[in-house]
Amino acid sequence: MLSYLIRRILTLIPLFFGITLISFVVIHLAPGSPIDVLADLNPKMTAEAKQRLISYYGLDKPLHERYFQWLRRFVALDFGVSFSPDRRPVMDKIKETLPITIFIELLSFLLILVIAVPIGAYSASHPYSPFDKSLTLFVYVGFSMPTFWLALLALIFFSVQLEWLPISGLRSLDYARLSFPGKIWDITSHLVLPVLLSAFSGLAGLSRYMRGSMLEVMRQEYITAARSKGLSEREVVYKHALRNALLPVVTILGLSVPSLIGGSVIFEQIFAIPGMGRLFYTGVMSRDYPLVMGILTIGALLTLLGNLLADISYALVDPRIRTGGKG
Amino acid sequence: MRDRDRDLRQRFLRSQNLPLVFFSLSLSLSLALGGCGGSKKAETKDPKGQASAAGHQPTYGDTVVEGSIGEATNLIPMLASDSASHEISGLIFNGLVKYDKDVKLVGDLAESWEVSQGGLQITFKLRRGVTWQDGRPFTVKDVLFGFQTITNPNTPTAYAEDFRQVKKAEAIDDYTFRVTYEKPFAPALTSWGNLVVLPKHLLEGKDVAKSELGRRPVGTGPYRFREWISRDRVILEANPNYFEGRPYLDRYVVRVIPDLATMFLELKAGGVDLMGLTPIQYKRQTDDRFFREDYRKYRYLANAYTYLGYNLLEPKFKDKRVRQALSYAIDKEEIIKVVLLGLGVPATGPYKPGLWFYNPDVKKYPFDPDRALALLKEAGWEDRDGDGILDKDGEPFEFTVVTNEGNPVRQRTAVVIQERLKKIGIRMKIRVIEWSAFINEFIDKKDFEATILGWTTGFEPDQYDIWHSSKTGKKELNFISFKNSEVDELLEKGRRTFDQEKRKAIYFRLQEILAEEQPYTFLYVPEALPIVHSRVYGIEPSALGISYNFYRWYVPQGLQRYDRLALAP
């Protein structure tokens, strides 16, 4: 097991640096550069002034040199300084936004789980019943509805008409003066709509997957065996089938861990949430190379880590994997 | 996206992730005196707009919350190039000079100034008794330091150019500052706006670009910095020691709301007091009782215009008659009606109507397709093969217009023009390209036939970089390759002349030539459409817009919505 683990980790290292290299090259291949915002069609920018900016940001050095420079800093756990005029460390910007995004994504993720699993299981145990069909319709409506439009409708109804919920942002203007429970309530009320809506649009995938996996399990012989033992349908479905059907679903969950940090640009735009999705989006638009690299690297690390964990857990349950298929 | 108006003379209106940016309200009092201004036609539709006449006494207190689609990047004015940053830093920093209500240059941190030696030398007398917001006195050292910083090659600023024309800058005494120019440079005076003065005692020996002052600025202006929550909001509070008197409003908050529809809902729910409306919002969504009672709308011409520019290296556009014909074939009124819902005026040249250098009597191009066809025929373009498309030497009249992604107004303009040209037998294709690729691959390389773009304009008529024949190189701004020796001469003379009457004559002539030559079809000047909560009084719309006197705005007692702030002097 230990040698398997070491082998796996060793293969991850070149993979990781490969990812950073490709990311680095690709973002530099995109037309434009960080000085465009200052320089494009600006009558005050002479060629000389432009050249000064280019060397200020180190953009005059060859690409490979810049990559190694980035790498050297990265090894010292330094993502460098953002190219945006605020010149703040990339790490600070990520630290500000990452917790917000992870928190929101985690909440909606849990909500999806709590709703999608029962929906999927129920649909599978009553396939093609009117209830199954209406649930299918429901989740697909959520899946196909343009989220920005739905979000605006929800805002108009709950926030403007009923005045139950705040519209945008994470905190009210008087947040600093609120009591501790007041603060918690303030943030919660700001989160209700974004979390509910992103869960609604994400229900379809998982519930369909759950239904499929459940139908698969229901065809297995041990289910027939369980039924022939005289167990009630309820026990068959929820005790025997559900647990086994959940296994592949858990794999899916593991794979979607990296998306936790990506966040949703659309939701963060509409609800003005200061999260990672918006940070990344503006970074890409302004060709803020250090920032984009920082976020991509963290994403790559998380993805690789997620895969590693999945592999380890497979290896734990399946001896054939850890001995390299020889067993 | 970003678009953003801060430049003194003209600057490109780019709006990639910031659609409709020229409708966004700019609070910058004067960024090097650029700011976002308006024509004298500035008006309010609501009779209540004559706010101060309503019999209220100015009172201290309350907060005004503005919505902004973009977040500020750096609050040191010379380092930022986005209007979100300049709106905020404009309230914190002062310049030596500023524009007053009537777009006349007046002293700001300078009490007075004197131009001598035929315009080669300017001597500023500085205001005494002004303090930085941390209590240290403001002196000539801060001006000199700011000048040295902006001209330092290691300062990443887009605004160094005007200051590099200065041969010598010197402190005569603690309150006298003198600059000497290489050559007379008429736009010089206006460049001493709020880009350049920095607190020396806080920045000396530090790298200004990495200074924490960019996030926690200390200025001399009416508002001082209080808090910045990244990607969420910036909060300023009144500076009780402001040299023109403590501002009435206690707090000014800018909330970052990247989505315009969400921002509008915030306005409806009272979460935002002030925002720039889109034409649709202005015309169709704010016309009910609620908005009439709770808000006041303003409209004034923005400092910008949109044009259809022809690449004059293209054989078919070399002929003046063809360009004139296209101008006759395009119905500007229709574009304004359809695309801007009537909230704009036809452009006749590169300046905004109402300013002293705007020439109203140039050749106009009213919609006249017959005239267009006659001119085209004269130039050899006729439908000889009967396919409905004009042709010459067997070539059909076709061309492609390029414009940038993310600006729906420009794209719709292109469609309206396409339809009009089709009717007279010209096939125009539209290509919309992502901003960076658009600039790098098409405009900079002059690899286009025609383009729809916009310029921001200012209160200074010098447009040397856009029209002078020496600026037709790659990556330069005369990318349509317009060359006219009289225009060159006028542009050079205009830069060297200080007398306003003489300058006026020069730029009037410039506009006549441009109107005759039609290197661009000048399309329209859009209107800025700010809306402000009606509890706010003291707004006096002028050619500069509404925000130039923000520090005189107030909310009468009883109408105040937010608690008073305890301000330490």
# chains A, B, ... in the order shown; residues from 1 in each chain; ligands from 1

call {"tool": "interface_residues", "arguments": {"of": "chain A", "to": "chain B", "cutoff": "9 Å", "atoms": "only C-alpha atoms", "output": "MDAnalysis selection string"}}
result
chainID A and resid 30:33 36:47 49:50 52:53 56:57 84:88 93 96:97 152 155:156 159:161 163 166:171 173 268:275 278:279 282 285

call {"tool": "write_last_selection", "arguments": {"atoms": "C-alpha atoms", "output": "CSV table (one decimal), in the first residue's frame"}}
result
chain,number,residue,atom,x,y,z
A,30,ALA,CA,-4.5,34.8,-25.6
A,31,PRO,CA,-4.3,38.1,-27.5
A,32,GLY,CA,-3.8,41.2,-25.4
A,33,SER,CA,-1.7,42.0,-22.4
A,36,ASP,CA,-3.9,47.1,-22.6
A,37,VAL,CA,-6.3,48.7,-20.1
A,38,LEU,CA,-3.8,51.5,-19.6
A,39,ALA,CA,-2.5,51.7,-23.1
A,40,ASP,CA,-5.1,50.7,-25.7
A,41,LEU,CA,-6.1,53.7,-27.8
A,42,ASN,CA,-4.9,56.1,-25.1
A,43,PRO,CA,-3.6,59.3,-26.7
A,44,LYS,CA,-1.4,59.8,-23.7
A,45,MET,CA,0.5,56.6,-24.2
A,46,THR,CA,3.6,57.1,-26.4
A,47,ALA,CA,5.5,54.1,-27.7
A,49,ALA,CA,5.7,55.0,-22.3
A,50,LYS,CA,4.3,51.7,-23.4
A,52,ARG,CA,8.3,51.4,-20.0
A,53,LEU,CA,5.2,49.6,-18.8
A,56,TYR,CA,7.8,47.3,-15.6
A,57,TYR,CA,5.7,44.2,-15.7
A,84,SER,CA,-3.9,45.0,-11.6
A,85,PRO,CA,-3.1,48.6,-10.5
A,86,ASP,CA,-3.6,47.7,-6.9
A,87,ARG,CA,-0.5,45.6,-7.0
A,88,ARG,CA,-1.6,43.4,-4.1
A,93,LYS,CA,-6.9,38.2,-3.1
A,96,GLU,CA,-10.4,37.0,0.6
A,97,THR,CA,-12.6,35.3,-1.9
A,152,LEU,CA,-33.9,38.3,-11.4
A,155,LEU,CA,-35.2,39.0,-6.7
A,156,ILE,CA,-38.2,41.0,-7.9
A,159,SER,CA,-36.8,41.3,-2.4
A,160,VAL,CA,-38.6,44.0,-4.2
A,161,GLN,CA,-42.3,43.0,-3.9
A,163,GLU,CA,-39.2,42.8,0.9
A,166,PRO,CA,-31.9,41.7,0.7
A,167,ILE,CA,-31.0,41.9,-3.0
A,168,SER,CA,-27.2,41.8,-3.4
A,169,GLY,CA,-23.9,41.6,-1.6
A,170,LEU,CA,-23.1,39.6,1.5
A,171,ARG,CA,-23.6,42.2,4.2
A,173,LEU,CA,-24.6,48.6,5.1
A,268,GLU,CA,-21.6,36.0,-8.2
A,269,GLN,CA,-22.3,38.6,-10.9
A,270,ILE,CA,-26.1,38.8,-10.3
A,271,PHE,CA,-26.0,38.7,-6.5
A,272,ALA,CA,-22.8,40.8,-6.3
A,273,ILE,CA,-21.1,38.2,-4.2
A,274,PRO,CA,-17.4,39.0,-3.7
A,275,GLY,CA,-16.2,35.5,-4.6
A,278,ARG,CA,-15.7,37.1,-10.2
A,279,LEU,CA,-12.1,37.4,-9.2
A,282,THR,CA,-11.9,39.9,-14.0
A,285,MET,CA,-10.5,39.8,-18.8

call {"tool": "residues_around", "arguments": {"residues": "range 532-539 of chain B", "least_positions_apart": "4", "cutoff": "7 Å", "atoms": "only C-alpha atoms", "output": "list in words"}}
result
Ala51, Ser52, Asp273, Leu274, Met275, Asp294, Tyr295, Arg296, Lys297, Ile546, Arg552, Trp553, Tyr554, Val555 and Leu559 of chain B

call {"tool": "closest_residue", "arguments": {"among": "B:Gly146, B:Gly349, B:Gly388, B:Gly221", "to": "Glu204 in chain B", "atoms": "only C-alpha atoms"}}
result
B:Gly146

call {"tool": "residues_around", "arguments": {"residues": "Pro461 in chain B", "least_positions_apart": "3", "cutoff": "8 Å", "atoms": "only C-alpha atoms", "output": "ChimeraX atom specification"}}
result
/B:9,351,357,458,507

call {"tool": "residues_around", "arguments": {"residues": "range 188-204 of chain A", "least_positions_apart": "2", "cutoff": "6 Å", "atoms": "only C-alpha atoms", "output": "list in words"}}
result
Ser108, Ile112, Ala116, Val139, Tyr140, Gly142, Phe143, Leu165, Pro166, Leu170, Trp185, Asp186, Leu206, Ser207 and Arg208 of chain A

call {"tool": "write_last_selection", "arguments": {"atoms": "N, CA and C atoms", "output": "short mmCIF file (atom, residue, chain, number, x, y, z; two decimals), in the first residue's frame"}}
result
data_model
loop_
_atom_site.label_atom_id
_atom_site.label_comp_id
_atom_site.auth_asym_id
_atom_site.auth_seq_id
_atom_site.Cartn_x
_atom_site.Cartn_y
_atom_site.Cartn_z
N SER A 108 -24.80 24.94 -1.20
CA SER A 108 -25.72 24.53 -2.25
C SER A 108 -25.48 23.07 -2.63
N ILE A 112 -28.25 20.26 -2.59
CA ILE A 112 -28.50 19.39 -3.75
C ILE A 112 -28.52 17.93 -3.30
N ALA A 116 -31.58 15.80 -3.94
CA ALA A 116 -31.45 14.96 -5.14
C ALA A 116 -31.48 13.48 -4.81
N VAL A 139 -36.89 18.74 -12.20
CA VAL A 139 -35.44 18.93 -12.19
C VAL A 139 -34.95 19.44 -13.54
N TYR A 140 -35.62 19.03 -14.61
CA TYR A 140 -35.16 19.53 -15.91
C TYR A 140 -35.53 20.99 -16.11
N GLY A 142 -35.45 23.13 -13.76
CA GLY A 142 -34.36 23.80 -13.05
C GLY A 142 -33.09 23.82 -13.87
N PHE A 143 -32.84 22.72 -14.53
CA PHE A 143 -31.61 22.58 -15.30
C PHE A 143 -31.61 23.50 -16.52
N LEU A 165 -36.17 39.58 1.62
CA LEU A 165 -34.74 39.29 1.56
C LEU A 165 -33.98 40.45 0.94
N PRO A 166 -32.72 40.62 1.33
CA PRO A 166 -31.91 41.65 0.67
C PRO A 166 -31.58 41.23 -0.76
N LEU A 170 -23.17 40.61 0.44
CA LEU A 170 -23.13 39.62 1.52
C LEU A 170 -23.53 40.22 2.85
N TRP A 185 -27.68 36.49 11.08
CA TRP A 185 -28.93 36.58 10.34
C TRP A 185 -28.75 37.39 9.06
N ASP A 186 -27.97 38.47 9.18
CA ASP A 186 -27.75 39.33 8.03
C ASP A 186 -27.12 38.54 6.88
N LEU A 206 -27.46 15.36 -10.44
CA LEU A 206 -27.30 14.36 -9.39
C LEU A 206 -28.53 13.48 -9.23
N SER A 207 -29.72 14.07 -9.32
CA SER A 207 -30.92 13.26 -9.10
C SER A 207 -31.09 12.23 -10.23
N ARG A 208 -30.74 12.65 -11.46
CA ARG A 208 -30.81 11.71 -12.58
C ARG A 208 -29.79 10.60 -12.39
#

call {"tool": "closest_residue", "arguments": {"among": "B:Ser547, B:Leu341, B:Ile531, B:Gly135", "to": "Arg292 in chain B", "atoms": "only C-alpha atoms"}}
result
B:Ile531

call {"tool": "residues_around", "arguments": {"residues": "Leu77 in chain A", "least_positions_apart": "5", "cutoff": "10 Å", "atoms": "only C-alpha atoms", "output": "mmCIF file with C-alpha atoms, in the first residue's frame"}}
result
data_model
loop_
_atom_site.group_PDB
_atom_site.id
_atom_site.type_symbol
_atom_site.label_atom_id
_atom_site.label_comp_id
_atom_site.auth_asym_id
_atom_site.auth_seq_id
_atom_site.Cartn_x
_atom_site.Cartn_y
_atom_site.Cartn_z
ATOM 1 C CA LEU A 71 8.149 28.592 -10.839
ATOM 2 C CA ARG A 72 10.936 29.763 -8.550
ATOM 3 C CA MET A 91 -2.449 35.183 -2.269
#

call {"tool": "select_by_dssp", "arguments": {"residues": "range 37-190 of chain A", "states": "helix (DSSP H, G or I)", "output": "PyMOL selection string"}}
result
chain A and resi 37-39+47-56+63-75+90-125+130-144+147-161+175-177+180-190

call {"tool": "residues_around", "arguments": {"residues": "Thr180 in chain B", "least_positions_apart": "6", "cutoff": "6 Å", "atoms": "only C-alpha atoms", "output": "list in words"}}
result
Leu120, Gln121, Val166, Lys167 and Lys168 of chain B

call {"tool": "write_last_selection", "arguments": {"atoms": "C-alpha atoms", "output": "compact mmCIF listing (two decimals), in the first residue's frame"}}
result
# COMPACT_ATOMS: atom_id res chain seq x y z
CA LEU B 120 6.61 78.69 -21.62
CA GLN B 121 6.29 79.22 -17.90
CA VAL B 166 7.98 70.05 -18.64
CA LYS B 167 11.62 71.11 -18.88
CA LYS B 168 11.97 72.29 -15.32

call {"tool": "residues_around", "arguments": {"residues": "range 88-105 of chain B", "least_positions_apart": "4", "cutoff": "7 Å", "atoms": "only C-alpha atoms", "output": "list in words"}}
result
Ser28, Leu29, Ser30, Leu31, Leu33, Leu75, Ile76, Pro77, Ala84, Leu109, Ala110, Trp192, Gly193, Asn194, Leu195, Val196, Val197, Gly219, Thr220, Gly221, Pro222, Tyr223, Arg224, Ser542, Ala543 and Leu544 of chain B

call {"tool": "atom_distance", "arguments": {"atom1": "CA of Leu15 in chain A", "atom2": "CA of Thr101 in chain A"}}
result
26.4 Å

call {"tool": "decode", "arguments": {"residues": "range 61-82 of chain B", "atoms": "C-alpha atoms", "output": "short mmCIF file (atom, residue, chain, number, x, y, z; two decimals), in the first residue's frame"}}
result
data_model
loop_
_atom_site.label_atom_id
_atom_site.label_comp_id
_atom_site.auth_asym_id
_atom_site.auth_seq_id
_atom_site.Cartn_x
_atom_site.Cartn_y
_atom_site.Cartn_z
CA GLY B 61 -25.59 64.16 8.02
CA ASP B 62 -26.83 61.16 6.06
CA THR B 63 -25.18 58.87 3.56
CA VAL B 64 -25.40 58.58 -0.20
CA VAL B 65 -24.89 55.12 -1.68
CA GLU B 66 -23.81 54.84 -5.28
CA GLY B 67 -23.88 51.69 -7.36
CA SER B 68 -20.91 50.91 -9.56
CA ILE B 69 -20.48 48.00 -11.97
CA GLY B 70 -16.71 47.91 -11.59
CA GLU B 71 -14.53 47.92 -8.52
CA ALA B 72 -11.89 50.54 -7.93
CA THR B 73 -8.37 49.26 -8.40
CA ASN B 74 -6.10 51.89 -6.90
CA LEU B 75 -7.04 55.14 -5.19
CA ILE B 76 -3.85 57.00 -6.07
CA PRO B 77 -5.15 58.89 -9.11
CA MET B 78 -2.07 58.62 -11.30
CA LEU B 79 -1.94 54.83 -10.97
CA ALA B 80 -5.49 53.92 -11.90
CA SER B 81 -7.03 54.11 -15.32
CA ASP B 82 -10.57 52.99 -14.53
#
